[in-house]
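See below for the structure under consideration.
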Amino acid sequence: MGLRASRIPGGGPDSAAAILFNGQVLARVVPVTLAAIDPQTGKLIWGFQAPKNYHINATAAAHGDRIFISAYRELGGAPLGARLIALDTTGKKVWEYRGAGGWPGAVVTNDKVCTGSSTEPFFVCLDPKGNGDGTTRVLWRRKMNGVFEESVPAVYGDKLFVLCTDRYLHAFR
């Protein structure tokens with residue numbers, strides 16, 4: 001017994017892995033779409049397109065009733081205008097935070113979503129639920145001596161670990 005192969009045009013492994021969430025495969029479709037795919041049939045359930053002139057680069061993060069993706073604009077190979085976007089489980093945008101995300105992915109727990117920025121020298125933790133008006137609340141923000149490239153923070157116990165272009169692995173409690 002094998003799985004039925006399916007092909008979604010535009011898939012690409014560059015900087016983003018597919019994840020399993022709520023019985024769906026969430027995968028980046030190059031360069032602007034996050035697709036939710038039925039793993040049994042291979043059919044598209046929904047797709048979210050990044051804002052106009054933006055790309056999706058990092059692996060999505062998901063927990064509870066939220067999915068988080070990083071988006072950015074590009075100019076000559078450099079990222080601009082990083083955003084972290086929260087979606088509901090149907091792919092509808094819930095909120096957007098400018099100044100986080102871009103090339104790095106996010107990590108999410110019960111009460112926070114955290115990520116760096118490829119365009120701003122900050123690491124930020126946000127309220128994953130949002131304010132109900134398309135925005136969210138900053139829980140804390142730390143200025144760094146660099147930006148974040150293609151990395152995803154890791155959580156272990158009460159610590160958060162993240163790599164930065166300042167050449168350090170930072171740990172937050």
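Just remember, in the structure tokens the first chain shown is A, the second B, etc., residues are 1-based per chain, and ligands are 1-based in the order shown.
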Fewer than 4 positions away in the same chain doesn't count, so skip those; otherwise give me all residues within 8 Å of A:Gly47, counting only C-alpha atoms, as a PyMOL selection string.
chain A and resi 33-36+91
I need the residue nearest A:Thr135 from this list: A:Val147, A:Ala171, A:Leu160, A:Val94. Use only C-alpha atoms for the distance.
A:Val94
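Going from atom CA of A:Ile85 over to atom CA of A:Ala71, you cover 7.4 Å.
Atom CA of A:Ala16 sits 19.9 Å away from atom CA of A:Gly99.
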Give me the residues within 6 Å of A:Ile67 as a VMD selection string, counting only C-alpha atoms and dropping any in the same chain fewer than 4 places off.
chain A and resid 61 to 62 86 to 87
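Taking atom CA of A:Asn22 and atom CA of A:Thr89 as the two end points, the separation is 8.3 Å.
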